[in-house]
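Shown next: entry09.tsv, given as TSV, N, CA and C atoms.
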```
chain	number	residue	atom	x	y	z
A	5	ILE	N	5.91	-10.39	-22.10
A	5	ILE	CA	4.52	-10.34	-21.70
A	5	ILE	C	4.30	-11.40	-20.62
A	6	THR	N	3.69	-10.99	-19.54
A	6	THR	CA	3.38	-11.92	-18.47
A	6	THR	C	1.87	-12.10	-18.39
A	7	LEU	N	1.46	-13.11	-17.71
A	7	LEU	CA	0.03	-13.37	-17.59
A	7	LEU	C	-0.52	-12.73	-16.31
A	8	GLY	N	-0.63	-11.42	-16.34
A	8	GLY	CA	-1.25	-10.73	-15.22
A	8	GLY	C	-0.34	-10.41	-14.06
A	9	SER	N	0.94	-10.20	-14.31
A	9	SER	CA	1.86	-9.92	-13.20
A	9	SER	C	1.55	-8.61	-12.48
A	10	MET	N	0.88	-7.70	-13.15
A	10	MET	CA	0.55	-6.41	-12.52
A	10	MET	C	-0.74	-6.48	-11.71
A	11	VAL	N	-1.54	-7.51	-11.93
A	11	VAL	CA	-2.86	-7.61	-11.31
A	11	VAL	C	-2.81	-7.55	-9.78
A	12	PRO	N	-1.89	-8.24	-9.11
A	12	PRO	CA	-1.87	-8.13	-7.64
A	12	PRO	C	-1.69	-6.69	-7.14
A	13	ILE	N	-0.84	-5.92	-7.81
A	13	ILE	CA	-0.64	-4.53	-7.39
A	13	ILE	C	-1.88	-3.71	-7.71
A	14	LEU	N	-2.47	-3.96	-8.86
A	14	LEU	CA	-3.69	-3.24	-9.23
A	14	LEU	C	-4.82	-3.54	-8.24
A	15	ILE	N	-4.97	-4.80	-7.87
A	15	ILE	CA	-6.00	-5.18	-6.90
A	15	ILE	C	-5.73	-4.53	-5.55
A	16	LEU	N	-4.49	-4.57	-5.12
A	16	LEU	CA	-4.13	-3.93	-3.86
A	16	LEU	C	-4.49	-2.45	-3.89
A	17	ALA	N	-4.16	-1.77	-4.98
A	17	ALA	CA	-4.48	-0.35	-5.09
A	17	ALA	C	-5.99	-0.11	-5.10
A	18	LEU	N	-6.72	-0.96	-5.80
A	18	LEU	CA	-8.18	-0.81	-5.86
A	18	LEU	C	-8.83	-1.08	-4.50
A	19	ARG	N	-8.25	-1.99	-3.75
A	19	ARG	CA	-8.82	-2.33	-2.44
A	19	ARG	C	-8.38	-1.38	-1.34
A	20	ARG	N	-7.12	-1.00	-1.35
A	20	ARG	CA	-6.56	-0.24	-0.22
A	20	ARG	C	-6.24	1.21	-0.53
A	21	GLY	N	-6.35	1.60	-1.80
A	21	GLY	CA	-6.11	3.00	-2.14
A	21	GLY	C	-4.74	3.24	-2.76
A	22	PRO	N	-4.57	4.45	-3.26
A	22	PRO	CA	-3.36	4.77	-4.00
A	22	PRO	C	-2.08	4.80	-3.17
A	23	ARG	N	-2.16	5.20	-1.93
A	23	ARG	CA	-0.94	5.29	-1.12
A	23	ARG	C	-0.29	3.91	-0.98
A	24	ILE	N	-1.07	2.93	-0.60
A	24	ILE	CA	-0.53	1.57	-0.44
A	24	ILE	C	-0.18	0.98	-1.80
A	25	GLY	N	-1.00	1.27	-2.82
A	25	GLY	CA	-0.72	0.77	-4.16
A	25	GLY	C	0.59	1.31	-4.72
A	26	VAL	N	0.83	2.59	-4.55
A	26	VAL	CA	2.08	3.20	-5.04
A	26	VAL	C	3.27	2.62	-4.28
A	27	PHE	N	3.14	2.48	-2.97
A	27	PHE	CA	4.23	1.89	-2.18
A	27	PHE	C	4.53	0.47	-2.63
A	28	ALA	N	3.49	-0.35	-2.76
A	28	ALA	CA	3.68	-1.75	-3.16
A	28	ALA	C	4.27	-1.82	-4.57
A	29	GLY	N	3.81	-0.96	-5.45
A	29	GLY	CA	4.35	-0.95	-6.81
A	29	GLY	C	5.81	-0.59	-6.85
A	30	SER	N	6.21	0.39	-6.05
A	30	SER	CA	7.62	0.78	-6.05
A	30	SER	C	8.50	-0.33	-5.47
A	31	VAL	N	8.01	-1.01	-4.44
A	31	VAL	CA	8.75	-2.14	-3.88
A	31	VAL	C	8.86	-3.26	-4.92
A	32	PHE	N	7.75	-3.55	-5.61
A	32	PHE	CA	7.76	-4.56	-6.66
A	32	PHE	C	8.76	-4.19	-7.76
A	33	GLY	N	8.80	-2.92	-8.12
A	33	GLY	CA	9.76	-2.46	-9.13
A	33	GLY	C	11.19	-2.68	-8.69
A	34	LEU	N	11.49	-2.42	-7.43
A	34	LEU	CA	12.85	-2.65	-6.92
A	34	LEU	C	13.19	-4.14	-6.93
A	35	VAL	N	12.22	-4.98	-6.59
A	35	VAL	CA	12.44	-6.42	-6.65
A	35	VAL	C	12.74	-6.84	-8.08
A	36	GLN	N	11.98	-6.30	-9.04
A	36	GLN	CA	12.23	-6.61	-10.45
A	36	GLN	C	13.64	-6.19	-10.87
A	37	LEU	N	14.08	-5.04	-10.39
A	37	LEU	CA	15.43	-4.56	-10.69
A	37	LEU	C	16.47	-5.54	-10.19
A	38	PHE	N	16.33	-5.96	-8.95
A	38	PHE	CA	17.34	-6.83	-8.36
A	38	PHE	C	17.27	-8.27	-8.84
A	39	LEU	N	16.15	-8.65	-9.46
A	39	LEU	CA	16.03	-10.00	-10.01
A	39	LEU	C	16.42	-10.08	-11.48
A	40	GLY	N	17.01	-9.04	-11.99
A	40	GLY	CA	17.48	-9.11	-13.37
A	40	GLY	C	17.22	-7.87	-14.18
A	41	GLY	N	17.20	-6.73	-13.55
A	41	GLY	CA	16.97	-5.48	-14.27
A	41	GLY	C	18.22	-4.97	-14.94
A	42	TYR	N	18.03	-3.94	-15.75
A	42	TYR	CA	19.14	-3.30	-16.47
A	42	TYR	C	19.45	-1.97	-15.82
A	43	TRP	N	20.71	-1.72	-15.55
A	43	TRP	CA	21.16	-0.54	-14.84
A	43	TRP	C	22.12	0.24	-15.74
A	44	PHE	N	21.69	1.43	-16.17
A	44	PHE	CA	22.57	2.28	-16.97
A	44	PHE	C	22.86	3.59	-16.25
A	45	THR	N	21.81	4.28	-15.84
A	45	THR	CA	21.97	5.50	-15.04
A	45	THR	C	20.92	5.47	-13.93
A	46	ILE	N	21.11	6.29	-12.94
A	46	ILE	CA	20.19	6.30	-11.82
A	46	ILE	C	18.79	6.77	-12.26
A	47	ILE	N	18.73	7.74	-13.16
A	47	ILE	CA	17.42	8.22	-13.64
A	47	ILE	C	16.72	7.13	-14.43
A	48	GLN	N	17.45	6.43	-15.27
A	48	GLN	CA	16.86	5.32	-16.04
A	48	GLN	C	16.33	4.24	-15.11
A	49	VAL	N	17.10	3.91	-14.09
A	49	VAL	CA	16.67	2.88	-13.13
A	49	VAL	C	15.40	3.32	-12.42
A	50	LEU	N	15.36	4.56	-11.99
A	50	LEU	CA	14.16	5.06	-11.31
A	50	LEU	C	12.95	5.03	-12.23
A	51	LEU	N	13.12	5.48	-13.48
A	51	LEU	CA	11.99	5.50	-14.42
A	51	LEU	C	11.51	4.10	-14.77
A	52	ASP	N	12.41	3.17	-14.97
A	52	ASP	CA	12.04	1.83	-15.43
A	52	ASP	C	11.60	0.89	-14.32
A	53	TYR	N	11.94	1.18	-13.09
A	53	TYR	CA	11.61	0.24	-12.02
A	53	TYR	C	10.70	0.84	-10.95
A	54	PRO	N	11.21	1.52	-9.93
A	54	PRO	CA	10.27	1.93	-8.87
A	54	PRO	C	9.20	2.92	-9.32
A	55	VAL	N	9.54	3.87	-10.17
A	55	VAL	CA	8.54	4.86	-10.59
A	55	VAL	C	7.52	4.22	-11.53
A	56	ALA	N	7.98	3.44	-12.49
A	56	ALA	CA	7.06	2.80	-13.45
A	56	ALA	C	6.07	1.89	-12.73
A	57	PHE	N	6.56	1.06	-11.83
A	57	PHE	CA	5.66	0.14	-11.14
A	57	PHE	C	4.84	0.85	-10.07
A	58	ALA	N	5.35	1.94	-9.51
A	58	ALA	CA	4.56	2.74	-8.57
A	58	ALA	C	3.33	3.31	-9.26
A	59	CYS	N	3.45	3.58	-10.55
A	59	CYS	CA	2.30	4.10	-11.32
A	59	CYS	C	1.11	3.16	-11.27
A	60	LEU	N	1.35	1.88	-11.07
A	60	LEU	CA	0.24	0.93	-10.98
A	60	LEU	C	-0.66	1.25	-9.80
A	61	GLY	N	-0.09	1.87	-8.78
A	61	GLY	CA	-0.88	2.27	-7.62
A	61	GLY	C	-1.88	3.37	-7.92
A	62	LEU	N	-1.73	4.04	-9.05
A	62	LEU	CA	-2.67	5.09	-9.43
A	62	LEU	C	-4.08	4.54	-9.63
A	63	ALA	N	-4.19	3.25	-9.85
A	63	ALA	CA	-5.51	2.63	-9.99
A	63	ALA	C	-6.36	2.89	-8.75
A	64	GLY	N	-5.72	3.06	-7.61
A	64	GLY	CA	-6.43	3.31	-6.37
A	64	GLY	C	-7.22	4.60	-6.35
A	65	PHE	N	-6.90	5.54	-7.24
A	65	PHE	CA	-7.67	6.77	-7.34
A	65	PHE	C	-9.00	6.56	-8.06
A	66	PHE	N	-9.16	5.39	-8.67
A	66	PHE	CA	-10.34	5.11	-9.48
A	66	PHE	C	-11.10	3.91	-8.92
A	67	ARG	N	-11.26	3.88	-7.63
A	67	ARG	CA	-11.90	2.73	-6.99
A	67	ARG	C	-13.34	2.54	-7.44
A	68	LYS	N	-14.00	3.60	-7.84
A	68	LYS	CA	-15.39	3.47	-8.30
A	68	LYS	C	-15.47	3.10	-9.78
A	69	SER	N	-14.38	3.23	-10.48
A	69	SER	CA	-14.30	2.85	-11.91
A	69	SER	C	-13.04	2.02	-12.12
A	70	PRO	N	-13.03	0.79	-11.66
A	70	PRO	CA	-11.79	0.01	-11.66
A	70	PRO	C	-11.18	-0.22	-13.04
A	71	MET	N	-12.00	-0.35	-14.07
A	71	MET	CA	-11.43	-0.56	-15.41
A	71	MET	C	-10.69	0.69	-15.88
A	72	VAL	N	-11.24	1.85	-15.57
A	72	VAL	CA	-10.56	3.11	-15.88
A	72	VAL	C	-9.25	3.18	-15.10
A	73	GLY	N	-9.30	2.80	-13.83
A	73	GLY	CA	-8.10	2.81	-13.00
A	73	GLY	C	-7.01	1.92	-13.54
A	74	VAL	N	-7.38	0.73	-13.99
A	74	VAL	CA	-6.39	-0.18	-14.57
A	74	VAL	C	-5.78	0.45	-15.82
A	75	ALA	N	-6.63	1.02	-16.68
A	75	ALA	CA	-6.14	1.64	-17.91
A	75	ALA	C	-5.21	2.82	-17.62
A	76	VAL	N	-5.60	3.68	-16.68
A	76	VAL	CA	-4.77	4.83	-16.33
A	76	VAL	C	-3.43	4.38	-15.74
A	77	ALA	N	-3.48	3.41	-14.86
A	77	ALA	CA	-2.26	2.92	-14.21
A	77	ALA	C	-1.29	2.31	-15.21
A	78	VAL	N	-1.80	1.47	-16.09
A	78	VAL	CA	-0.93	0.84	-17.09
A	78	VAL	C	-0.42	1.87	-18.09
A	79	ALA	N	-1.26	2.84	-18.46
A	79	ALA	CA	-0.81	3.91	-19.36
A	79	ALA	C	0.30	4.74	-18.72
A	80	ALA	N	0.17	5.01	-17.43
A	80	ALA	CA	1.22	5.77	-16.73
A	80	ALA	C	2.52	4.98	-16.69
A	81	ARG	N	2.42	3.68	-16.47
A	81	ARG	CA	3.62	2.85	-16.50
A	81	ARG	C	4.25	2.88	-17.89
A	82	PHE	N	3.42	2.81	-18.93
A	82	PHE	CA	3.92	2.90	-20.30
A	82	PHE	C	4.69	4.20	-20.51
A	83	VAL	N	4.14	5.31	-20.02
A	83	VAL	CA	4.79	6.61	-20.21
A	83	VAL	C	6.19	6.60	-19.59
A	84	CYS	N	6.33	6.01	-18.42
A	84	CYS	CA	7.66	5.93	-17.78
A	84	CYS	C	8.64	5.16	-18.66
A	85	HIS	N	8.21	4.00	-19.14
A	85	HIS	CA	9.09	3.20	-20.00
A	85	HIS	C	9.36	3.89	-21.32
A	86	PHE	N	8.35	4.57	-21.86
A	86	PHE	CA	8.50	5.28	-23.12
A	86	PHE	C	9.55	6.39	-22.99
A	87	VAL	N	9.43	7.20	-21.95
A	87	VAL	CA	10.39	8.30	-21.74
A	87	VAL	C	11.80	7.73	-21.55
A	88	SER	N	11.92	6.70	-20.75
A	88	SER	CA	13.21	6.06	-20.55
A	88	SER	C	13.77	5.55	-21.87
A	89	GLY	N	12.91	4.95	-22.68
A	89	GLY	CA	13.35	4.43	-23.97
A	89	GLY	C	13.84	5.52	-24.90
A	90	VAL	N	13.15	6.65	-24.93
A	90	VAL	CA	13.56	7.76	-25.79
A	90	VAL	C	14.88	8.35	-25.31
A	91	VAL	N	14.96	8.63	-24.02
A	91	VAL	CA	16.11	9.34	-23.48
A	91	VAL	C	17.35	8.44	-23.35
A	92	PHE	N	17.16	7.23	-22.84
A	92	PHE	CA	18.32	6.42	-22.50
A	92	PHE	C	18.63	5.30	-23.50
A	93	PHE	N	17.66	4.90	-24.30
A	93	PHE	CA	17.89	3.80	-25.23
A	93	PHE	C	17.68	4.22	-26.67
A	94	GLY	N	17.49	5.51	-26.91
A	94	GLY	CA	17.26	6.02	-28.25
A	94	GLY	C	18.40	5.76	-29.21
A	95	GLU	N	19.60	5.61	-28.69
A	95	GLU	CA	20.76	5.35	-29.56
A	95	GLU	C	20.67	4.00	-30.26
A	96	TYR	N	19.85	3.10	-29.75
A	96	TYR	CA	19.69	1.79	-30.36
A	96	TYR	C	18.60	1.77	-31.44
A	97	ALA	N	17.91	2.88	-31.60
A	97	ALA	CA	16.83	2.95	-32.57
A	97	ALA	C	17.39	2.93	-33.99
A	98	PRO	N	16.75	2.18	-34.87
A	98	PRO	CA	17.15	2.24	-36.27
A	98	PRO	C	16.95	3.66	-36.81
A	99	PRO	N	17.85	4.14	-37.63
A	99	PRO	CA	17.75	5.52	-38.13
A	99	PRO	C	16.42	5.84	-38.80
A	100	GLU	N	15.83	4.86	-39.47
A	100	GLU	CA	14.57	5.12	-40.18
A	100	GLU	C	13.38	5.28	-39.23
A	101	LEU	N	13.51	4.82	-37.99
A	101	LEU	CA	12.43	4.96	-37.01
A	101	LEU	C	12.62	6.16	-36.10
A	102	GLY	N	13.81	6.34	-35.62
A	102	GLY	CA	14.07	7.38	-34.64
A	102	GLY	C	13.70	6.90	-33.24
A	103	PRO	N	14.20	7.57	-32.21
A	103	PRO	CA	13.99	7.12	-30.84
A	103	PRO	C	12.53	7.13	-30.37
A	104	VAL	N	11.74	8.09	-30.80
A	104	VAL	CA	10.36	8.20	-30.32
A	104	VAL	C	9.51	7.04	-30.84
A	105	VAL	N	9.57	6.82	-32.13
A	105	VAL	CA	8.78	5.73	-32.72
A	105	VAL	C	9.29	4.38	-32.22
A	106	TYR	N	10.60	4.24	-32.15
A	106	TYR	CA	11.20	2.99	-31.68
A	106	TYR	C	10.74	2.67	-30.25
A	107	SER	N	10.80	3.67	-29.37
A	107	SER	CA	10.38	3.46	-27.98
A	107	SER	C	8.89	3.14	-27.90
A	108	ALA	N	8.10	3.83	-28.70
A	108	ALA	CA	6.65	3.58	-28.69
A	108	ALA	C	6.35	2.16	-29.16
A	109	ILE	N	7.01	1.72	-30.20
A	109	ILE	CA	6.78	0.37	-30.72
A	109	ILE	C	7.29	-0.67	-29.73
A	110	TYR	N	8.50	-0.47	-29.25
A	110	TYR	CA	9.09	-1.46	-28.33
A	110	TYR	C	8.25	-1.60	-27.06
A	111	ASN	N	7.99	-0.49	-26.41
A	111	ASN	CA	7.26	-0.54	-25.14
A	111	ASN	C	5.79	-0.87	-25.34
A	112	GLY	N	5.21	-0.39	-26.42
A	112	GLY	CA	3.82	-0.71	-26.71
A	112	GLY	C	3.61	-2.18	-27.04
A	113	SER	N	4.65	-2.82	-27.58
A	113	SER	CA	4.52	-4.23	-27.98
A	113	SER	C	4.29	-5.15	-26.79
A	114	TYR	N	4.72	-4.76	-25.61
A	114	TYR	CA	4.44	-5.60	-24.45
A	114	TYR	C	3.45	-4.94	-23.48
A	115	MET	N	3.37	-3.62	-23.48
A	115	MET	CA	2.44	-2.97	-22.56
A	115	MET	C	0.99	-3.08	-23.02
A	116	LEU	N	0.73	-3.05	-24.31
A	116	LEU	CA	-0.65	-3.18	-24.79
A	116	LEU	C	-1.21	-4.56	-24.46
A	117	PRO	N	-0.49	-5.66	-24.74
A	117	PRO	CA	-1.02	-6.96	-24.30
A	117	PRO	C	-1.16	-7.06	-22.77
A	118	GLU	N	-0.24	-6.47	-22.03
A	118	GLU	CA	-0.34	-6.47	-20.58
A	118	GLU	C	-1.61	-5.73	-20.13
A	119	LEU	N	-1.93	-4.64	-20.80
A	119	LEU	CA	-3.15	-3.89	-20.49
A	119	LEU	C	-4.38	-4.76	-20.73
A	120	VAL	N	-4.43	-5.41	-21.88
A	120	VAL	CA	-5.59	-6.25	-22.21
A	120	VAL	C	-5.74	-7.38	-21.19
A	121	ILE	N	-4.63	-8.03	-20.87
A	121	ILE	CA	-4.66	-9.14	-19.90
A	121	ILE	C	-5.10	-8.63	-18.53
A	122	SER	N	-4.55	-7.52	-18.09
A	122	SER	CA	-4.87	-6.99	-16.76
A	122	SER	C	-6.34	-6.56	-16.68
A	123	VAL	N	-6.85	-5.90	-17.71
A	123	VAL	CA	-8.25	-5.49	-17.71
A	123	VAL	C	-9.14	-6.73	-17.67
A	124	ALA	N	-8.80	-7.73	-18.46
A	124	ALA	CA	-9.61	-8.96	-18.49
A	124	ALA	C	-9.62	-9.66	-17.14
A	125	VAL	N	-8.45	-9.79	-16.52
A	125	VAL	CA	-8.37	-10.49	-15.23
A	125	VAL	C	-9.10	-9.71	-14.15
A	126	VAL	N	-8.89	-8.40	-14.08
A	126	VAL	CA	-9.58	-7.59	-13.07
A	126	VAL	C	-11.09	-7.64	-13.31
A	127	TYR	N	-11.51	-7.56	-14.55
A	127	TYR	CA	-12.94	-7.66	-14.86
A	127	TYR	C	-13.52	-8.99	-14.36
A	128	LEU	N	-12.82	-10.08	-14.65
A	128	LEU	CA	-13.29	-11.40	-14.21
A	128	LEU	C	-13.33	-11.51	-12.69
A	129	LEU	N	-12.34	-10.93	-12.02
A	129	LEU	CA	-12.33	-10.95	-10.55
A	129	LEU	C	-13.50	-10.16	-9.98
A	130	ILE	N	-13.83	-9.07	-10.63
A	130	ILE	CA	-14.97	-8.27	-10.18
A	130	ILE	C	-16.27	-9.04	-10.42
A	131	LYS	N	-16.39	-9.64	-11.60
A	131	LYS	CA	-17.60	-10.40	-11.92
A	131	LYS	C	-17.80	-11.58	-10.96
A	132	ARG	N	-16.70	-12.16	-10.48
A	132	ARG	CA	-16.79	-13.27	-9.54
A	132	ARG	C	-17.03	-12.79	-8.11
A	133	GLY	N	-17.00	-11.48	-7.89
A	133	GLY	CA	-17.26	-10.93	-6.57
A	133	GLY	C	-16.03	-10.82	-5.68
A	134	ILE	N	-14.87	-11.06	-6.23
A	134	ILE	CA	-13.64	-11.03	-5.43
A	134	ILE	C	-13.27	-9.60	-5.04
A	135	LEU	N	-13.55	-8.63	-5.91
A	135	LEU	CA	-13.21	-7.24	-5.62
A	135	LEU	C	-14.38	-6.44	-5.05
A	136	GLU	N	-15.53	-7.05	-4.94
A	136	GLU	CA	-16.69	-6.41	-4.33
A	136	GLU	C	-17.09	-5.11	-5.03
A	137	TYR	N	-17.09	-5.15	-6.35
A	137	TYR	CA	-17.56	-4.03	-7.17
A	137	TYR	C	-18.77	-4.50	-7.95
A	138	SER	N	-19.56	-3.55	-8.39
A	138	SER	CA	-20.63	-3.91	-9.31
A	138	SER	C	-20.34	-3.20	-10.63
A	139	LEU	N	-20.40	-3.96	-11.70
A	139	LEU	CA	-20.16	-3.38	-13.03
A	139	LEU	C	-21.47	-3.19	-13.76
```
Rewrite the structure of this file - the entire thing - as structure tokens.
Amino acid sequence: ITLGSMVPILILALRRGPRIGVFAGSVFGLVQLFLGGYWFTIIQVLLDYPVAFACLGLAGFFRKSPMVGVAVAVAARFVCHFVSGVVFFGEYAPPELGPVVYSAIYNGSYMLPELVISVAVVYLLIKRGILEYSL
């Protein structure tokens, strides 16, 4: 769990739109990969890094409802990690849980706090007038 590491991409998407947000997110995902990511297959790498972080740019489609945009973007990122977890890391799941529940618990354990932190930070930035929205 990080303290708002997704917020800069979310803000960029909210300010400049989804095209720039998706591009910035995918670049950020590649940087994360090269700074210590896990590489098993090309599809797993794409799902866990550039595609997952590119999803943060989806917030740009919700410029009039930024909190909804943050929630949709983080949920989309969760889906990428969830699918990757089921397909590529399911073999590590305890037999009593199975890959689907294991992936949901594992990825949800850090994505849900990230969602709460990101919503709170973006909300505070809007309230301070930094994002030029009215709530």
key: Residue with smallest distance to Ser107 in chain A - pool A:Phe65, A:Leu39, A:Phe93, A:Phe44, counting all atoms listed in the file   = A:Phe93
ask   = Using all atoms listed in the file, which of the listed residues (A:Ile47, A:Ala58, A:Leu16, A:Val90) sits closest to Leu34 in chain A?
value =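 Of all the options, A:Ala58 lies closest to Leu34 in chain A.
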Give one line per residue of range 6-86 of chain A that approaches range 114-120 of chain A to at most 7 Å, naming the two atoms of the closest pair and their distance in Å to one decimal, counting all atoms listed in the file; sort by chain then ascending residue number and deliver it as JSON lines.
```
{"residue": "A:Thr6", "atom": "N", "partner": "A:Glu118", "partner_atom": "CA", "distance": 6.1}
{"residue": "A:Gly8", "atom": "N", "partner": "A:Glu118", "partner_atom": "CA", "distance": 6.5}
{"residue": "A:Val74", "atom": "C", "partner": "A:Leu119", "partner_atom": "CA", "distance": 6.9}
{"residue": "A:Ala75", "atom": "CA", "partner": "A:Leu119", "partner_atom": "CA", "distance": 6.8}
{"residue": "A:Val78", "atom": "CA", "partner": "A:Leu119", "partner_atom": "CA", "distance": 6.2}
{"residue": "A:Phe82", "atom": "CA", "partner": "A:Met115", "partner_atom": "CA", "distance": 6.5}
```
ask   = Which residue gives the smallest distance to Phe27 in chain A among A:Gly64, A:Phe92, A:Gly41, A:Leu7, with only C-alpha atoms counted?
value =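 Closest residue, counting only C-alpha atoms: A:Gly64.
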task = Apply DSSP to the structure's backbone, then extract all residues of chain A labelled helix (DSSP H, G or I) and return them as a VMD selection string.
result = chain A and resid 11 to 20 22 to 38 46 to 66 70 to 96 102 to 131
Would you please take range 102-121 of chain A of the structure in the block above and write N, CA, C and O atoms to a file as a CSV table (one decimal), in the first residue's frame?
```
chain,number,residue,atom,x,y,z
A,102,GLY,N,-8.9,-21.6,-3.5
A,102,GLY,CA,-9.0,-21.6,-5.0
A,102,GLY,C,-8.4,-20.3,-5.5
A,102,GLY,O,-8.3,-19.3,-4.8
A,103,PRO,N,-8.1,-20.3,-6.8
A,103,PRO,CA,-7.5,-19.1,-7.4
A,103,PRO,C,-8.3,-17.9,-7.5
A,103,PRO,O,-7.8,-16.8,-7.3
A,104,VAL,N,-9.6,-18.0,-7.6
A,104,VAL,CA,-10.5,-16.8,-7.7
A,104,VAL,C,-10.6,-16.1,-6.4
A,104,VAL,O,-10.3,-14.9,-6.3
A,105,VAL,N,-10.9,-16.8,-5.3
A,105,VAL,CA,-11.0,-16.2,-4.0
A,105,VAL,C,-9.6,-15.7,-3.6
A,105,VAL,O,-9.5,-14.6,-3.0
A,106,TYR,N,-8.6,-16.5,-3.8
A,106,TYR,CA,-7.2,-16.1,-3.4
A,106,TYR,C,-6.8,-14.8,-4.1
A,106,TYR,O,-6.3,-13.8,-3.5
A,107,SER,N,-7.1,-14.7,-5.4
A,107,SER,CA,-6.7,-13.5,-6.2
A,107,SER,C,-7.5,-12.3,-5.7
A,107,SER,O,-7.0,-11.2,-5.6
A,108,ALA,N,-8.8,-12.5,-5.4
A,108,ALA,CA,-9.6,-11.4,-4.9
A,108,ALA,C,-9.1,-10.9,-3.6
A,108,ALA,O,-9.1,-9.7,-3.3
A,109,ILE,N,-8.8,-11.8,-2.7
A,109,ILE,CA,-8.3,-11.4,-1.4
A,109,ILE,C,-7.0,-10.7,-1.5
A,109,ILE,O,-6.7,-9.7,-0.9
A,110,TYR,N,-6.1,-11.3,-2.2
A,110,TYR,CA,-4.7,-10.8,-2.3
A,110,TYR,C,-4.7,-9.4,-2.9
A,110,TYR,O,-4.2,-8.4,-2.4
A,111,ASN,N,-5.4,-9.3,-4.1
A,111,ASN,CA,-5.4,-8.0,-4.8
A,111,ASN,C,-6.3,-7.0,-4.1
A,111,ASN,O,-6.0,-5.8,-4.1
A,112,GLY,N,-7.4,-7.4,-3.5
A,112,GLY,CA,-8.3,-6.5,-2.8
A,112,GLY,C,-7.6,-6.0,-1.5
A,112,GLY,O,-7.9,-4.9,-1.1
A,113,SER,N,-6.7,-6.7,-0.9
A,113,SER,CA,-6.1,-6.3,0.3
A,113,SER,C,-5.2,-5.1,0.1
A,113,SER,O,-5.0,-4.3,1.1
A,114,TYR,N,-4.7,-4.8,-1.0
A,114,TYR,CA,-4.0,-3.6,-1.2
A,114,TYR,C,-4.7,-2.6,-2.1
A,114,TYR,O,-4.5,-1.4,-2.0
A,115,MET,N,-5.6,-3.1,-3.0
A,115,MET,CA,-6.3,-2.1,-3.9
A,115,MET,C,-7.4,-1.4,-3.2
A,115,MET,O,-7.7,-0.2,-3.5
A,116,LEU,N,-8.1,-2.0,-2.2
A,116,LEU,CA,-9.1,-1.3,-1.5
A,116,LEU,C,-8.6,-0.1,-0.7
A,116,LEU,O,-9.1,1.0,-0.7
A,117,PRO,N,-7.5,-0.4,0.1
A,117,PRO,CA,-6.9,0.8,0.8
A,117,PRO,C,-6.4,1.9,-0.2
A,117,PRO,O,-6.5,3.1,0.1
A,118,GLU,N,-5.8,1.4,-1.3
A,118,GLU,CA,-5.4,2.4,-2.3
A,118,GLU,C,-6.5,3.2,-2.8
A,118,GLU,O,-6.4,4.4,-3.1
A,119,LEU,N,-7.7,2.6,-3.0
A,119,LEU,CA,-8.9,3.3,-3.5
A,119,LEU,C,-9.3,4.4,-2.4
A,119,LEU,O,-9.5,5.5,-2.8
A,120,VAL,N,-9.3,4.0,-1.2
A,120,VAL,CA,-9.8,4.9,-0.1
A,120,VAL,C,-8.8,6.1,0.0
A,120,VAL,O,-9.2,7.2,0.0
A,121,ILE,N,-7.5,5.8,-0.1
A,121,ILE,CA,-6.5,6.8,0.0
A,121,ILE,C,-6.6,7.8,-1.2
A,121,ILE,O,-6.6,9.0,-1.1
```
